[in-house]
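So this block is start-v6.txt, compact mmCIF, N, CA and C atoms and all ligand atoms:
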# COMPACT_ATOMS: atom_id res chain seq x y z
N MET A 25 0.85 -1.21 0.00
CA MET A 25 0.00 0.00 0.00
C MET A 25 0.88 1.24 0.00
N GLY A 26 1.74 1.36 1.01
CA GLY A 26 2.65 2.50 1.08
C GLY A 26 3.54 2.58 -0.15
N LYS A 27 3.96 1.40 -0.60
CA LYS A 27 4.85 1.35 -1.76
C LYS A 27 4.14 1.88 -3.01
N TYR A 28 2.90 1.50 -3.18
CA TYR A 28 2.16 1.96 -4.35
C TYR A 28 1.92 3.46 -4.29
N LEU A 29 1.66 3.92 -3.07
CA LEU A 29 1.48 5.37 -2.90
C LEU A 29 2.75 6.10 -3.29
N LEU A 30 3.87 5.57 -2.85
CA LEU A 30 5.16 6.18 -3.18
C LEU A 30 5.35 6.22 -4.69
N LEU A 31 5.08 5.10 -5.35
CA LEU A 31 5.25 5.05 -6.81
C LEU A 31 4.31 6.03 -7.49
N GLY A 32 3.09 6.09 -7.00
CA GLY A 32 2.12 7.01 -7.57
C GLY A 32 2.57 8.45 -7.43
N CYS A 33 3.13 8.75 -6.27
CA CYS A 33 3.61 10.11 -6.05
C CYS A 33 4.81 10.40 -6.94
N MET A 34 5.69 9.40 -7.09
CA MET A 34 6.87 9.62 -7.92
C MET A 34 6.46 9.91 -9.35
N ALA A 35 5.40 9.24 -9.79
CA ALA A 35 4.95 9.40 -11.17
C ALA A 35 4.51 10.83 -11.45
N ILE A 36 4.00 11.49 -10.44
CA ILE A 36 3.54 12.87 -10.67
C ILE A 36 4.35 13.87 -9.86
N ALA A 37 5.57 13.47 -9.51
CA ALA A 37 6.40 14.31 -8.64
C ALA A 37 6.68 15.67 -9.25
N LEU A 38 6.80 15.71 -10.56
CA LEU A 38 7.12 16.99 -11.20
C LEU A 38 6.01 18.00 -10.97
N ALA A 39 4.79 17.52 -10.93
CA ALA A 39 3.66 18.41 -10.69
C ALA A 39 3.42 18.59 -9.19
N GLY A 40 4.16 17.85 -8.38
CA GLY A 40 3.90 17.84 -6.94
C GLY A 40 2.79 16.85 -6.68
N CYS A 41 2.80 16.25 -5.50
CA CYS A 41 1.77 15.26 -5.20
C CYS A 41 0.66 15.99 -4.46
N ALA A 42 -0.32 16.43 -5.20
CA ALA A 42 -1.35 17.28 -4.60
C ALA A 42 -2.22 16.47 -3.66
N ARG A 43 -2.40 16.99 -2.49
CA ARG A 43 -3.28 16.37 -1.51
C ARG A 43 -4.48 17.29 -1.34
N PRO A 44 -5.63 16.74 -1.08
CA PRO A 44 -6.75 17.62 -0.78
C PRO A 44 -6.45 18.41 0.49
N GLU A 45 -6.97 19.62 0.54
CA GLU A 45 -6.76 20.43 1.73
C GLU A 45 -7.73 20.00 2.82
N ARG A 46 -7.19 19.79 3.99
CA ARG A 46 -8.03 19.49 5.16
C ARG A 46 -7.76 20.59 6.17
N THR A 47 -8.77 21.39 6.39
CA THR A 47 -8.61 22.62 7.17
C THR A 47 -9.23 22.48 8.55
N VAL A 48 -8.53 22.98 9.55
CA VAL A 48 -9.14 23.17 10.87
C VAL A 48 -8.92 24.62 11.28
N THR A 49 -9.80 25.10 12.14
CA THR A 49 -9.70 26.46 12.65
C THR A 49 -9.48 26.39 14.15
N ALA A 50 -8.46 27.09 14.62
CA ALA A 50 -8.22 27.14 16.06
C ALA A 50 -9.42 27.79 16.74
N PRO A 51 -9.82 27.27 17.91
CA PRO A 51 -11.00 27.83 18.58
C PRO A 51 -10.75 29.27 19.01
N PRO A 52 -11.81 30.07 19.12
CA PRO A 52 -11.64 31.46 19.57
C PRO A 52 -11.29 31.51 21.05
N GLY A 53 -10.95 32.70 21.51
CA GLY A 53 -10.65 32.88 22.92
C GLY A 53 -9.17 32.94 23.18
N THR A 54 -8.82 32.97 24.46
CA THR A 54 -7.42 33.08 24.84
C THR A 54 -6.93 31.76 25.41
N GLY A 55 -5.67 31.72 25.74
CA GLY A 55 -5.09 30.50 26.31
C GLY A 55 -4.58 29.58 25.22
N GLU A 56 -3.95 28.52 25.66
CA GLU A 56 -3.34 27.58 24.72
C GLU A 56 -4.41 26.82 23.95
N LYS A 57 -4.24 26.75 22.67
CA LYS A 57 -5.21 26.08 21.80
C LYS A 57 -4.59 24.81 21.25
N VAL A 58 -5.24 23.70 21.55
CA VAL A 58 -4.68 22.41 21.16
C VAL A 58 -5.22 22.01 19.79
N ILE A 59 -4.30 21.68 18.90
CA ILE A 59 -4.66 21.20 17.57
C ILE A 59 -4.07 19.80 17.42
N GLU A 60 -4.92 18.82 17.25
CA GLU A 60 -4.43 17.46 17.03
C GLU A 60 -4.20 17.23 15.55
N MET A 61 -3.01 16.72 15.25
CA MET A 61 -2.64 16.47 13.85
C MET A 61 -2.10 15.06 13.73
N SER A 62 -2.19 14.52 12.54
CA SER A 62 -1.45 13.29 12.29
C SER A 62 -0.51 13.51 11.12
N ALA A 63 0.60 12.77 11.18
CA ALA A 63 1.61 12.78 10.11
C ALA A 63 1.71 11.37 9.58
N GLY A 64 1.59 11.25 8.28
CA GLY A 64 1.70 9.93 7.65
C GLY A 64 2.62 10.03 6.46
N SER A 65 2.68 8.97 5.69
CA SER A 65 3.51 8.98 4.48
C SER A 65 2.59 9.21 3.28
N PHE A 66 2.50 10.35 2.70
CA PHE A 66 3.29 11.55 2.95
C PHE A 66 2.34 12.73 3.05
N TYR A 67 1.86 12.96 4.22
CA TYR A 67 0.86 14.03 4.39
C TYR A 67 0.81 14.46 5.84
N PHE A 68 0.26 15.65 6.04
CA PHE A 68 -0.18 16.09 7.35
C PHE A 68 -1.69 16.22 7.30
N ASN A 69 -2.35 15.87 8.37
CA ASN A 69 -3.79 16.02 8.46
C ASN A 69 -4.12 16.59 9.85
N PRO A 70 -4.64 17.82 9.92
CA PRO A 70 -4.95 18.73 8.82
C PRO A 70 -3.68 19.27 8.17
N ASN A 71 -3.85 19.84 7.00
CA ASN A 71 -2.70 20.48 6.34
C ASN A 71 -2.91 21.98 6.16
N VAL A 72 -4.06 22.47 6.58
CA VAL A 72 -4.28 23.93 6.64
C VAL A 72 -4.87 24.24 8.01
N ILE A 73 -4.22 25.12 8.75
CA ILE A 73 -4.68 25.50 10.09
C ILE A 73 -4.92 27.01 10.08
N GLU A 74 -6.13 27.40 10.40
CA GLU A 74 -6.47 28.82 10.47
C GLU A 74 -6.42 29.26 11.92
N ALA A 75 -5.77 30.39 12.16
CA ALA A 75 -5.64 30.89 13.53
C ALA A 75 -5.55 32.40 13.51
N GLN A 76 -5.52 32.97 14.71
CA GLN A 76 -5.46 34.42 14.86
C GLN A 76 -4.06 34.83 15.33
N GLN A 77 -3.65 36.02 14.90
CA GLN A 77 -2.38 36.55 15.37
C GLN A 77 -2.40 36.62 16.89
N GLY A 78 -1.33 36.18 17.53
CA GLY A 78 -1.24 36.17 18.99
C GLY A 78 -1.63 34.84 19.61
N ASP A 79 -2.25 33.96 18.83
CA ASP A 79 -2.63 32.65 19.36
C ASP A 79 -1.41 31.87 19.84
N GLN A 80 -1.61 31.15 20.94
CA GLN A 80 -0.61 30.18 21.39
C GLN A 80 -1.15 28.80 21.06
N LEU A 81 -0.45 28.12 20.18
CA LEU A 81 -0.92 26.80 19.75
C LEU A 81 -0.08 25.70 20.38
N LEU A 82 -0.75 24.61 20.69
CA LEU A 82 -0.04 23.38 21.04
C LEU A 82 -0.46 22.35 19.99
N LEU A 83 0.45 22.08 19.07
CA LEU A 83 0.18 21.06 18.06
C LEU A 83 0.58 19.72 18.64
N LEU A 84 -0.36 18.80 18.66
CA LEU A 84 -0.04 17.43 19.09
C LEU A 84 -0.01 16.58 17.82
N ILE A 85 1.20 16.25 17.40
CA ILE A 85 1.36 15.62 16.09
C ILE A 85 1.70 14.15 16.27
N GLU A 86 0.78 13.31 15.87
CA GLU A 86 1.00 11.86 15.98
C GLU A 86 1.50 11.33 14.64
N ASN A 87 2.66 10.72 14.69
CA ASN A 87 3.19 10.08 13.47
C ASN A 87 2.59 8.67 13.41
N ILE A 88 1.61 8.53 12.52
CA ILE A 88 0.89 7.26 12.43
C ILE A 88 1.53 6.31 11.43
N SER A 89 2.70 6.67 10.92
CA SER A 89 3.36 5.81 9.94
C SER A 89 4.48 5.02 10.63
N ALA A 90 5.12 4.17 9.86
CA ALA A 90 6.22 3.35 10.37
C ALA A 90 7.58 3.99 10.10
N PHE A 91 7.57 5.23 9.63
CA PHE A 91 8.82 5.91 9.26
C PHE A 91 8.95 7.23 10.02
N GLU A 92 10.18 7.63 10.26
CA GLU A 92 10.37 8.92 10.91
C GLU A 92 10.03 10.05 9.94
N HIS A 93 9.31 11.03 10.47
CA HIS A 93 9.04 12.25 9.71
C HIS A 93 9.55 13.44 10.51
N ASN A 94 9.12 14.62 10.11
CA ASN A 94 9.63 15.86 10.70
C ASN A 94 8.60 16.93 10.42
N ILE A 95 8.56 17.93 11.28
CA ILE A 95 7.80 19.13 10.91
C ILE A 95 8.68 20.34 11.13
N THR A 96 8.77 21.15 10.08
CA THR A 96 9.53 22.39 10.12
C THR A 96 8.57 23.50 9.72
N ILE A 97 8.42 24.48 10.60
CA ILE A 97 7.46 25.57 10.40
C ILE A 97 8.22 26.88 10.23
N VAL A 98 7.86 27.63 9.21
CA VAL A 98 8.55 28.87 8.88
C VAL A 98 7.57 30.04 9.02
N SER A 99 8.03 31.11 9.64
CA SER A 99 7.15 32.28 9.85
C SER A 99 6.99 33.05 8.55
N PRO A 100 6.02 33.97 8.50
CA PRO A 100 5.85 34.79 7.29
C PRO A 100 7.11 35.56 6.92
N SER A 101 7.93 35.91 7.90
CA SER A 101 9.16 36.65 7.58
C SER A 101 10.34 35.72 7.30
N GLY A 102 10.09 34.41 7.25
CA GLY A 102 11.12 33.48 6.79
C GLY A 102 11.96 32.83 7.87
N GLU A 103 11.56 33.03 9.13
CA GLU A 103 12.32 32.46 10.24
C GLU A 103 11.76 31.06 10.57
N ILE A 104 12.65 30.12 10.83
CA ILE A 104 12.19 28.79 11.27
C ILE A 104 11.75 28.91 12.73
N VAL A 105 10.46 28.67 12.97
CA VAL A 105 9.93 28.82 14.32
C VAL A 105 9.74 27.49 15.02
N ALA A 106 9.83 26.38 14.29
CA ALA A 106 9.79 25.06 14.90
C ALA A 106 10.42 24.07 13.93
N ALA A 107 11.19 23.14 14.47
CA ALA A 107 11.78 22.09 13.64
C ALA A 107 11.92 20.87 14.55
N ARG A 108 11.05 19.91 14.38
CA ARG A 108 11.04 18.75 15.26
C ARG A 108 10.95 17.47 14.45
N ASP A 109 11.77 16.48 14.84
CA ASP A 109 11.60 15.16 14.25
C ASP A 109 10.42 14.47 14.92
N LEU A 110 9.74 13.65 14.13
CA LEU A 110 8.55 12.94 14.58
C LEU A 110 8.82 11.44 14.46
N PRO A 111 9.25 10.80 15.56
CA PRO A 111 9.56 9.37 15.49
C PRO A 111 8.31 8.54 15.15
N ALA A 112 8.52 7.44 14.48
CA ALA A 112 7.41 6.57 14.07
C ALA A 112 6.58 6.18 15.28
N GLY A 113 5.27 6.31 15.15
CA GLY A 113 4.36 5.84 16.19
C GLY A 113 4.25 6.73 17.41
N ARG A 114 4.93 7.86 17.41
CA ARG A 114 4.94 8.71 18.60
C ARG A 114 4.14 9.98 18.37
N THR A 115 3.72 10.59 19.47
CA THR A 115 3.06 11.90 19.41
C THR A 115 4.01 12.94 19.98
N VAL A 116 4.28 13.96 19.20
CA VAL A 116 5.23 15.00 19.59
C VAL A 116 4.47 16.32 19.78
N PRO A 117 4.61 16.96 20.96
CA PRO A 117 4.00 18.27 21.16
C PRO A 117 4.88 19.38 20.60
N VAL A 118 4.27 20.30 19.88
CA VAL A 118 5.01 21.44 19.33
C VAL A 118 4.27 22.71 19.75
N LYS A 119 4.94 23.54 20.55
CA LYS A 119 4.32 24.80 20.99
C LYS A 119 4.76 25.93 20.08
N LEU A 120 3.83 26.83 19.85
CA LEU A 120 4.07 27.86 18.86
C LEU A 120 3.25 29.09 19.25
N THR A 121 3.88 30.26 19.30
CA THR A 121 3.13 31.50 19.48
C THR A 121 3.16 32.26 18.16
N LEU A 122 1.99 32.62 17.69
CA LEU A 122 1.88 33.23 16.36
C LEU A 122 1.97 34.74 16.48
N THR A 123 3.19 35.24 16.44
CA THR A 123 3.41 36.67 16.67
C THR A 123 3.16 37.49 15.40
N GLU A 124 3.21 36.83 14.24
CA GLU A 124 3.02 37.56 12.98
C GLU A 124 1.73 37.09 12.32
N SER A 125 1.12 37.98 11.58
CA SER A 125 0.02 37.54 10.72
C SER A 125 0.60 37.18 9.36
N GLY A 126 -0.13 36.35 8.65
CA GLY A 126 0.34 35.92 7.33
C GLY A 126 0.37 34.41 7.26
N GLU A 127 1.16 33.90 6.34
CA GLU A 127 1.19 32.47 6.10
C GLU A 127 2.47 31.85 6.66
N TYR A 128 2.30 30.81 7.46
CA TYR A 128 3.41 30.04 7.99
C TYR A 128 3.42 28.69 7.27
N PRO A 129 4.23 28.53 6.24
CA PRO A 129 4.28 27.21 5.60
C PRO A 129 4.99 26.19 6.49
N PHE A 130 4.55 24.95 6.42
CA PHE A 130 5.28 23.89 7.13
C PHE A 130 5.47 22.69 6.20
N HIS A 131 6.50 21.92 6.50
CA HIS A 131 6.79 20.75 5.67
C HIS A 131 7.58 19.74 6.49
N CYS A 132 7.71 18.55 5.94
CA CYS A 132 8.60 17.53 6.51
C CYS A 132 9.96 17.67 5.85
N GLU A 133 10.97 17.70 6.70
CA GLU A 133 12.34 17.97 6.24
C GLU A 133 13.01 16.77 5.55
N LYS A 134 12.39 15.58 5.63
CA LYS A 134 13.03 14.39 5.07
C LYS A 134 13.07 14.50 3.54
N PRO A 135 14.13 13.92 2.94
CA PRO A 135 14.32 14.10 1.49
C PRO A 135 13.10 13.68 0.68
N MET A 136 12.68 14.56 -0.20
CA MET A 136 11.58 14.35 -1.14
C MET A 136 10.18 14.36 -0.49
N HIS A 137 10.09 14.26 0.80
CA HIS A 137 8.76 14.19 1.40
C HIS A 137 7.86 15.38 1.07
N PRO A 138 8.39 16.63 1.07
CA PRO A 138 7.50 17.74 0.70
C PRO A 138 6.94 17.59 -0.71
N ARG A 139 7.78 17.10 -1.61
CA ARG A 139 7.30 16.95 -2.99
C ARG A 139 6.24 15.87 -3.10
N PHE A 140 6.29 14.90 -2.20
CA PHE A 140 5.26 13.85 -2.20
C PHE A 140 3.97 14.32 -1.52
N GLY A 141 4.00 15.52 -0.99
CA GLY A 141 2.76 16.07 -0.43
C GLY A 141 2.83 16.39 1.05
N MET A 142 4.01 16.21 1.65
CA MET A 142 4.11 16.37 3.10
C MET A 142 4.39 17.83 3.47
N ARG A 143 3.35 18.63 3.32
CA ARG A 143 3.48 20.05 3.62
C ARG A 143 2.10 20.63 3.87
N GLY A 144 2.10 21.83 4.37
CA GLY A 144 0.84 22.51 4.66
C GLY A 144 1.14 23.94 5.07
N ARG A 145 0.16 24.58 5.69
CA ARG A 145 0.37 25.97 6.09
C ARG A 145 -0.57 26.36 7.23
N LEU A 146 -0.07 27.30 8.02
CA LEU A 146 -0.92 27.98 8.97
C LEU A 146 -1.30 29.32 8.36
N GLU A 147 -2.56 29.63 8.38
CA GLU A 147 -3.02 30.93 7.89
C GLU A 147 -3.42 31.76 9.10
N VAL A 148 -2.66 32.81 9.33
CA VAL A 148 -2.84 33.61 10.55
C VAL A 148 -3.36 35.00 10.16
N ARG A 149 -4.50 35.35 10.73
CA ARG A 149 -5.12 36.65 10.44
C ARG A 149 -5.02 37.59 11.62
CU CU A 201 8.08 12.93 6.08
Now, as a test, write the supplied structure out as structure tokens.
Amino acid sequence: MGKYLLLGCMAIALAGCARPERTVTAPPGTGEKVIEMSAGSFYFNPNVIEAQQGDQLLLLIENISAFEHNITIVSPSGEIVAARDLPAGRTVPVKLTLTESGEYPFHCEKPMHPRFGMRGRLEVR
């Protein structure tokens, strides 16, 4: 199954392996906002997170695959604000304060994984 997915992604790698967008919105209010995510081969779910400037997020990212992944999050001004490896089968907490508005792209740092679809973004208003 995973192998076929990999081959399928490789076949369309030049166009990028488009994944449907799965969006969640951080709840309103103050305090830490918990967003549960899963990381698989090769996707994040959700892959679009909507939040407000100033939000403090706690991303709980469960790697549901048998391979190590990673999440690297970049601020709108281009600074890496989080870079964490995600061991197979484990849940890794990632805390993040959204000091800027704009788009925070994120991806898995492992070779070729972003091209296979392992990326997403935080949209901060
Ligand atoms: Cu990965």
Review point. In Å, with one decimal, what is the gap from atom CA of Phe91 of chain A to atom N of Leu146 of chain A?
Key: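 The value is 23.2 Å.
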Check your understanding: Which residue, A:Gly113, A:Pro70, A:Pro129, A:Gly141, has the smallest gap to ligand CU 201 (chain A) when you use only C-alpha atoms and all ligand atoms?
Key ->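 Under the stated criterion, the closest residue is A:Gly141.
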Exercise for review: Output the neighbourhood of ligand CU 201 (chain A) as number ranges by chain, that is, all protein and nucleic acid residues with some atom at most 10 Å from the ligand, counting only C-alpha atoms and all ligand atoms.
Suggested key: A: 63-68, 87, 89, 91-95, 109-110, 131-143
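Nearest to Thr96 of chain A of all the residues A:Phe130, A:Pro44, A:Gln77, A:Val72 is A:Phe130, based on only N, CA and C atoms.
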Taking all atoms of segment 71-86 of chain A that the file lists and extending 6 Å past them on each side, where is the centre of the axis-aligned box and how long are its edges? Answer in Å to one decimal, as JSON.
{"center_x": -2.4, "center_y": 24.0, "center_z": 13.8, "size_x": 20.2, "size_y": 37.3, "size_z": 27.2}
Practice item. Extract, using only N, CA and C atoms, all DNA, RNA and protein residues at most 6.5 Å from Leu84 of chain A, discarding same-chain residues fewer than 4 positions from it, and format them as a PyMOL selection string. Key: chain A and resi 58-62+115-118
Please produce an output containing N, CA and C atoms for each residue in the selection, written as an mmCIF file, keeping the file's coordinate frame.
data_model
loop_
_atom_site.group_PDB
_atom_site.id
_atom_site.type_symbol
_atom_site.label_atom_id
_atom_site.label_comp_id
_atom_site.auth_asym_id
_atom_site.auth_seq_id
_atom_site.Cartn_x
_atom_site.Cartn_y
_atom_site.Cartn_z
ATOM 1 N N VAL A 58 -5.240 23.700 21.550
ATOM 2 C CA VAL A 58 -4.680 22.410 21.160
ATOM 3 C C VAL A 58 -5.220 22.010 19.790
ATOM 4 N N ILE A 59 -4.300 21.680 18.900
ATOM 5 C CA ILE A 59 -4.660 21.200 17.570
ATOM 6 C C ILE A 59 -4.070 19.800 17.420
ATOM 7 N N GLU A 60 -4.920 18.820 17.250
ATOM 8 C CA GLU A 60 -4.430 17.460 17.030
ATOM 9 C C GLU A 60 -4.200 17.230 15.550
ATOM 10 N N MET A 61 -3.010 16.720 15.250
ATOM 11 C CA MET A 61 -2.640 16.470 13.850
ATOM 12 C C MET A 61 -2.100 15.060 13.730
ATOM 13 N N SER A 62 -2.190 14.520 12.540
ATOM 14 C CA SER A 62 -1.450 13.290 12.290
ATOM 15 C C SER A 62 -0.510 13.510 11.120
ATOM 16 N N THR A 115 3.720 10.590 19.470
ATOM 17 C CA THR A 115 3.060 11.900 19.410
ATOM 18 C C THR A 115 4.010 12.940 19.980
ATOM 19 N N VAL A 116 4.280 13.960 19.200
ATOM 20 C CA VAL A 116 5.230 15.000 19.590
ATOM 21 C C VAL A 116 4.470 16.320 19.780
ATOM 22 N N PRO A 117 4.610 16.960 20.960
ATOM 23 C CA PRO A 117 4.000 18.270 21.160
ATOM 24 C C PRO A 117 4.880 19.380 20.600
ATOM 25 N N VAL A 118 4.270 20.300 19.880
ATOM 26 C CA VAL A 118 5.010 21.440 19.330
ATOM 27 C C VAL A 118 4.270 22.710 19.750
#
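Atom pair atom CA of Val48 of chain A / atom CA of Ala112 of chain A: separated by 23.7 Å.
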Exercise for review: Give the helix (DSSP H, G or I) residues of chain A, as assigned by DSSP on the backbone, as an MDAnalysis selection string.
Suggested key: chainID A and resid 26:35 37:39
Review point. Which of these, A:Arg149, A:Val98, A:Arg114, A:Ile104, has the shortest distance to Tyr128 of chain A once you count only N, CA and C atoms?
Key: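 So, comparing all the options, the nearest one is A:Val98.
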Check your understanding: What is the distance, in Å and to one decimal place, between atom CA of Gly144 of chain A and atom CA of Arg43 of chain A?
Key -> 9.6 Å
Point to revise | Selected residue of minimal separation from Thr54 of chain A among A:Asp79, A:Glu147, A:Glu74, A:Asn69, counting all atoms listed in the file | key: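 Using all atoms listed in the file, Thr54 of chain A sits closest to A:Asp79.
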